[in-house]
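Beneath this line is the structure, given in structure tokens, with notes to follow.
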Amino acid sequence: MALLAEYTVTASPDRRVVEVYDADAYLGDEAAMAAAEVQVVAGNGYHLYLLSLQSDIDVRITVRVWDTPPKPPAEAEGHTPISIESETGTLVVNQLTLGPAGEMTLPRPGVYEGYAWWAGREAASAYYDETLTSISDDWTLEQIRQAWNQCPADERYVLDLAFTRESEPDDEDDD
């Protein structure tokens with residue numbers, strides 16, 4: 001099992017969501033977002049939603065491409081099988097209203113399958129909830145930002161993927 005590519009970026013879970021999608025598949029999917037409420041990570045084939053339990057503390061997103069995806073590690077709080085198709089060969093990590101946090105160029109366009117797993121989600125949520133109860137009216141915006149930056153938990157989501165096949169050709173010329 002060889003690691004072929006890796007990309008890590010920090011993103012804000014705006015409205016508790018971070019998205020990962022093909023550069024040409026930026027339209028959202030309400031059903032996939034609803035599924036993420038249950039599964040933590042869910043998608044529609046072109047678009048993945050990663051659901052945090054808090055909306056203000058930055059999370060770390062790592063996309064790794066392997067020749068064969070490894071099983072999720074023992075320290076993972078949870079995991080789920082995933083599939084994402086990237087016809088462009090570029091994945092975008094997006095923060096809903098803040099815009100893209102970054103993008104990764106895949107080794108080649110096509111369909112990738114594997115696992116999404118996460119860690120630190122529960123601890124970051126507990127810190128977030130505890131901090132919210134201590135914030136008073138006299139706190140400045142800078143003090144609140146500083147509190148979020150001092151979170152002792154490292155909330156992270158890892159997508160371990162492997163190339164499985166080429167993308168299906170578009171049927172746009174059949175009209």
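In the structure tokens, chains take the letters A, B, ... in the order shown, each chain's residues start at 1, and ligands count up from 1 in the order shown.
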As a PyMOL selection string, please: all residues of range 13-160 of chain A that backbone DSSP puts in alpha helix (DSSP H).
chain A and resi 30-39+121-134+141-149
Next, the residues of the selection above should be written as a compact mmCIF listing (two decimals), in the first residue's frame with C-alpha atoms.
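Below is the file result15.txt, written as the result:
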# COMPACT_ATOMS: atom_id res chain seq x y z
CA GLU A 30 -29.71 18.71 -0.06
CA ALA A 31 -30.17 14.93 0.21
CA ALA A 32 -26.42 14.37 0.62
CA MET A 33 -26.22 17.15 3.23
CA ALA A 34 -29.11 15.55 5.14
CA ALA A 35 -27.33 12.19 4.99
CA ALA A 36 -24.23 13.82 6.52
CA GLU A 37 -26.36 14.74 9.56
CA VAL A 38 -26.56 11.00 10.24
CA GLN A 39 -23.31 9.65 8.76
CA ARG A 121 -14.82 15.88 16.63
CA GLU A 122 -16.34 15.13 20.05
CA ALA A 123 -13.55 16.90 21.99
CA ALA A 124 -13.75 20.04 19.83
CA SER A 125 -17.51 20.09 20.30
CA ALA A 126 -17.18 19.76 24.09
CA TYR A 127 -14.63 22.61 24.17
CA TYR A 128 -16.87 24.73 21.94
CA ASP A 129 -19.95 24.19 24.14
CA GLU A 130 -17.97 24.86 27.32
CA THR A 131 -16.47 28.05 25.88
CA LEU A 132 -19.87 29.31 24.71
CA THR A 133 -21.17 29.13 28.28
CA SER A 134 -18.25 31.26 29.54
CA LEU A 141 -14.59 39.60 19.02
CA GLU A 142 -10.81 39.19 19.32
CA GLN A 143 -11.19 37.40 22.69
CA ILE A 144 -13.71 35.01 21.15
CA ARG A 145 -11.41 34.31 18.18
CA GLN A 146 -8.55 33.70 20.60
CA ALA A 147 -10.68 31.21 22.56
CA TRP A 148 -11.45 29.28 19.36
CA ASN A 149 -7.76 29.27 18.40
Env of range 92-107 of chain A: 6 Å cut, atoms = only C-alpha atoms, seq-sep filter 3 positions within chain, self excluded. Answer as an MDAnalysis selection string.
chainID A and resid 11 14 18:21 23 89
Write out, as a PDB file, in the first residue's frame, the residues just selected, with N, CA and C atoms.
ATOM      1  N   ALA A  11      -9.832  24.430   7.430  1.00  0.00           N
ATOM      2  CA  ALA A  11     -11.062  25.047   6.933  1.00  0.00           C
ATOM      3  C   ALA A  11     -11.984  25.374   8.096  1.00  0.00           C
ATOM      4  N   ASP A  14     -18.154  26.326   8.391  1.00  0.00           N
ATOM      5  CA  ASP A  14     -19.220  27.308   8.277  1.00  0.00           C
ATOM      6  C   ASP A  14     -20.578  26.595   8.298  1.00  0.00           C
ATOM      7  N   VAL A  18     -18.144  21.439   5.945  1.00  0.00           N
ATOM      8  CA  VAL A  18     -17.070  21.651   4.981  1.00  0.00           C
ATOM      9  C   VAL A  18     -17.400  20.737   3.806  1.00  0.00           C
ATOM     10  N   GLU A  19     -17.202  21.239   2.600  1.00  0.00           N
ATOM     11  CA  GLU A  19     -17.509  20.469   1.395  1.00  0.00           C
ATOM     12  C   GLU A  19     -16.214  20.089   0.675  1.00  0.00           C
ATOM     13  N   VAL A  20     -16.257  18.945   0.004  1.00  0.00           N
ATOM     14  CA  VAL A  20     -15.180  18.542  -0.900  1.00  0.00           C
ATOM     15  C   VAL A  20     -15.875  18.120  -2.187  1.00  0.00           C
ATOM     16  N   TYR A  21     -15.446  18.718  -3.315  1.00  0.00           N
ATOM     17  CA  TYR A  21     -16.107  18.404  -4.575  1.00  0.00           C
ATOM     18  C   TYR A  21     -15.171  18.607  -5.750  1.00  0.00           C
ATOM     19  N   ALA A  23     -13.904  20.235  -9.123  1.00  0.00           N
ATOM     20  CA  ALA A  23     -13.893  21.656  -9.482  1.00  0.00           C
ATOM     21  C   ALA A  23     -15.055  22.062 -10.384  1.00  0.00           C
ATOM     22  N   GLY A  89      -9.994  16.274 -12.278  1.00  0.00           N
ATOM     23  CA  GLY A  89      -8.764  15.903 -11.583  1.00  0.00           C
ATOM     24  C   GLY A  89      -8.392  16.888 -10.488  1.00  0.00           C
TER      25      GLY A  89
END
Give me the residues near Phe163 in chain A as an MDAnalysis selection string, where near means some atom within 8 Å (using only C-alpha atoms) and where sequence neighbours in that chain fewer than 2 positions away do not count.
chainID A and resid 65:67 110:113 161 165
Enter the distance from CA of Asp56 in chain A to CA of Arg156 in chain A, in Å, rounded to one decimal.
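CA of Asp56 in chain A sits 14.0 Å away from CA of Arg156 in chain A.
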Who sits within 8 Å of range 40-51 of chain A, only C-alpha atoms, same chain under 6 positions skipped, as a PyMOL selection string
chain A and resi 13+16-22+25-26+28-29+32-33+80+82-86+116+157
May I have the residues from that selection written out with N, CA, C and O atoms, as an mmCIF file, in the first residue's frame?
data_model
loop_
_atom_site.group_PDB
_atom_site.id
_atom_site.type_symbol
_atom_site.label_atom_id
_atom_site.label_comp_id
_atom_site.auth_asym_id
_atom_site.auth_seq_id
_atom_site.Cartn_x
_atom_site.Cartn_y
_atom_site.Cartn_z
ATOM 1 N N PRO A 13 -15.635 25.264 9.558
ATOM 2 C CA PRO A 13 -16.877 24.517 9.319
ATOM 3 C C PRO A 13 -18.088 25.442 9.364
ATOM 4 O O PRO A 13 -18.934 25.371 10.245
ATOM 5 N N ARG A 16 -21.366 24.513 10.284
ATOM 6 C CA ARG A 16 -20.947 23.168 10.698
ATOM 7 C C ARG A 16 -20.567 22.263 9.531
ATOM 8 O O ARG A 16 -20.384 21.074 9.709
ATOM 9 N N VAL A 17 -20.414 22.818 8.323
ATOM 10 C CA VAL A 17 -20.173 21.988 7.136
ATOM 11 C C VAL A 17 -18.903 22.433 6.408
ATOM 12 O O VAL A 17 -18.645 23.620 6.258
ATOM 13 N N VAL A 18 -18.144 21.439 5.945
ATOM 14 C CA VAL A 18 -17.070 21.651 4.981
ATOM 15 C C VAL A 18 -17.400 20.737 3.806
ATOM 16 O O VAL A 18 -17.841 19.607 3.992
ATOM 17 N N GLU A 19 -17.202 21.239 2.600
ATOM 18 C CA GLU A 19 -17.509 20.469 1.395
ATOM 19 C C GLU A 19 -16.214 20.089 0.675
ATOM 20 O O GLU A 19 -15.251 20.836 0.714
ATOM 21 N N VAL A 20 -16.257 18.945 0.004
ATOM 22 C CA VAL A 20 -15.180 18.542 -0.900
ATOM 23 C C VAL A 20 -15.875 18.120 -2.187
ATOM 24 O O VAL A 20 -16.797 17.300 -2.157
ATOM 25 N N TYR A 21 -15.446 18.718 -3.315
ATOM 26 C CA TYR A 21 -16.107 18.404 -4.575
ATOM 27 C C TYR A 21 -15.171 18.607 -5.750
ATOM 28 O O TYR A 21 -14.146 19.287 -5.639
ATOM 29 N N ASP A 22 -15.533 18.012 -6.881
ATOM 30 C CA ASP A 22 -14.805 18.218 -8.126
ATOM 31 C C ASP A 22 -14.935 19.686 -8.527
ATOM 32 O O ASP A 22 -15.981 20.307 -8.311
ATOM 33 N N ALA A 25 -18.137 20.506 -10.188
ATOM 34 C CA ALA A 25 -19.373 19.993 -9.577
ATOM 35 C C ALA A 25 -19.703 20.778 -8.316
ATOM 36 O O ALA A 25 -19.853 20.228 -7.247
ATOM 37 N N TYR A 26 -19.820 22.082 -8.439
ATOM 38 C CA TYR A 26 -19.987 22.946 -7.284
ATOM 39 C C TYR A 26 -21.430 23.092 -6.805
ATOM 40 O O TYR A 26 -21.689 23.698 -5.789
ATOM 41 N N GLY A 28 -24.750 22.230 -4.902
ATOM 42 C CA GLY A 28 -25.005 21.459 -3.699
ATOM 43 C C GLY A 28 -26.060 20.385 -3.883
ATOM 44 O O GLY A 28 -26.713 20.289 -4.922
ATOM 45 N N ASP A 29 -26.219 19.570 -2.870
ATOM 46 C CA ASP A 29 -27.164 18.466 -2.892
ATOM 47 C C ASP A 29 -27.778 18.338 -1.500
ATOM 48 O O ASP A 29 -27.104 17.914 -0.560
ATOM 49 N N ALA A 32 -27.743 14.766 0.121
ATOM 50 C CA ALA A 32 -26.423 14.372 0.623
ATOM 51 C C ALA A 32 -26.090 15.117 1.915
ATOM 52 O O ALA A 32 -25.526 14.543 2.848
ATOM 53 N N MET A 33 -26.467 16.396 1.992
ATOM 54 C CA MET A 33 -26.220 17.150 3.227
ATOM 55 C C MET A 33 -27.041 16.565 4.375
ATOM 56 O O MET A 33 -26.544 16.426 5.482
ATOM 57 N N THR A 80 -16.669 5.982 7.400
ATOM 58 C CA THR A 80 -17.701 5.574 6.456
ATOM 59 C C THR A 80 -17.069 5.400 5.077
ATOM 60 O O THR A 80 -16.137 6.134 4.734
ATOM 61 N N ILE A 82 -16.657 5.962 1.146
ATOM 62 C CA ILE A 82 -16.996 7.096 0.287
ATOM 63 C C ILE A 82 -16.550 6.835 -1.147
ATOM 64 O O ILE A 82 -15.690 5.997 -1.397
ATOM 65 N N SER A 83 -17.149 7.600 -2.046
ATOM 66 C CA SER A 83 -16.768 7.588 -3.452
ATOM 67 C C SER A 83 -16.919 9.015 -3.955
ATOM 68 O O SER A 83 -17.861 9.713 -3.592
ATOM 69 N N ILE A 84 -15.959 9.445 -4.767
ATOM 70 C CA ILE A 84 -16.064 10.769 -5.373
ATOM 71 C C ILE A 84 -15.485 10.703 -6.783
ATOM 72 O O ILE A 84 -14.441 10.106 -7.009
ATOM 73 N N GLU A 85 -16.218 11.307 -7.713
ATOM 74 C CA GLU A 85 -15.765 11.367 -9.097
ATOM 75 C C GLU A 85 -15.255 12.766 -9.380
ATOM 76 O O GLU A 85 -15.900 13.759 -9.055
ATOM 77 N N SER A 86 -14.085 12.818 -9.981
ATOM 78 C CA SER A 86 -13.487 14.099 -10.345
ATOM 79 C C SER A 86 -13.110 14.068 -11.816
ATOM 80 O O SER A 86 -12.064 13.542 -12.193
ATOM 81 N N ALA A 116 -13.744 7.715 4.571
ATOM 82 C CA ALA A 116 -13.585 8.970 5.299
ATOM 83 C C ALA A 116 -13.576 8.588 6.769
ATOM 84 O O ALA A 116 -14.367 7.743 7.205
ATOM 85 N N TYR A 157 -10.572 15.495 9.637
ATOM 86 C CA TYR A 157 -11.286 14.594 8.743
ATOM 87 C C TYR A 157 -10.284 14.140 7.687
ATOM 88 O O TYR A 157 -9.581 14.967 7.101
#
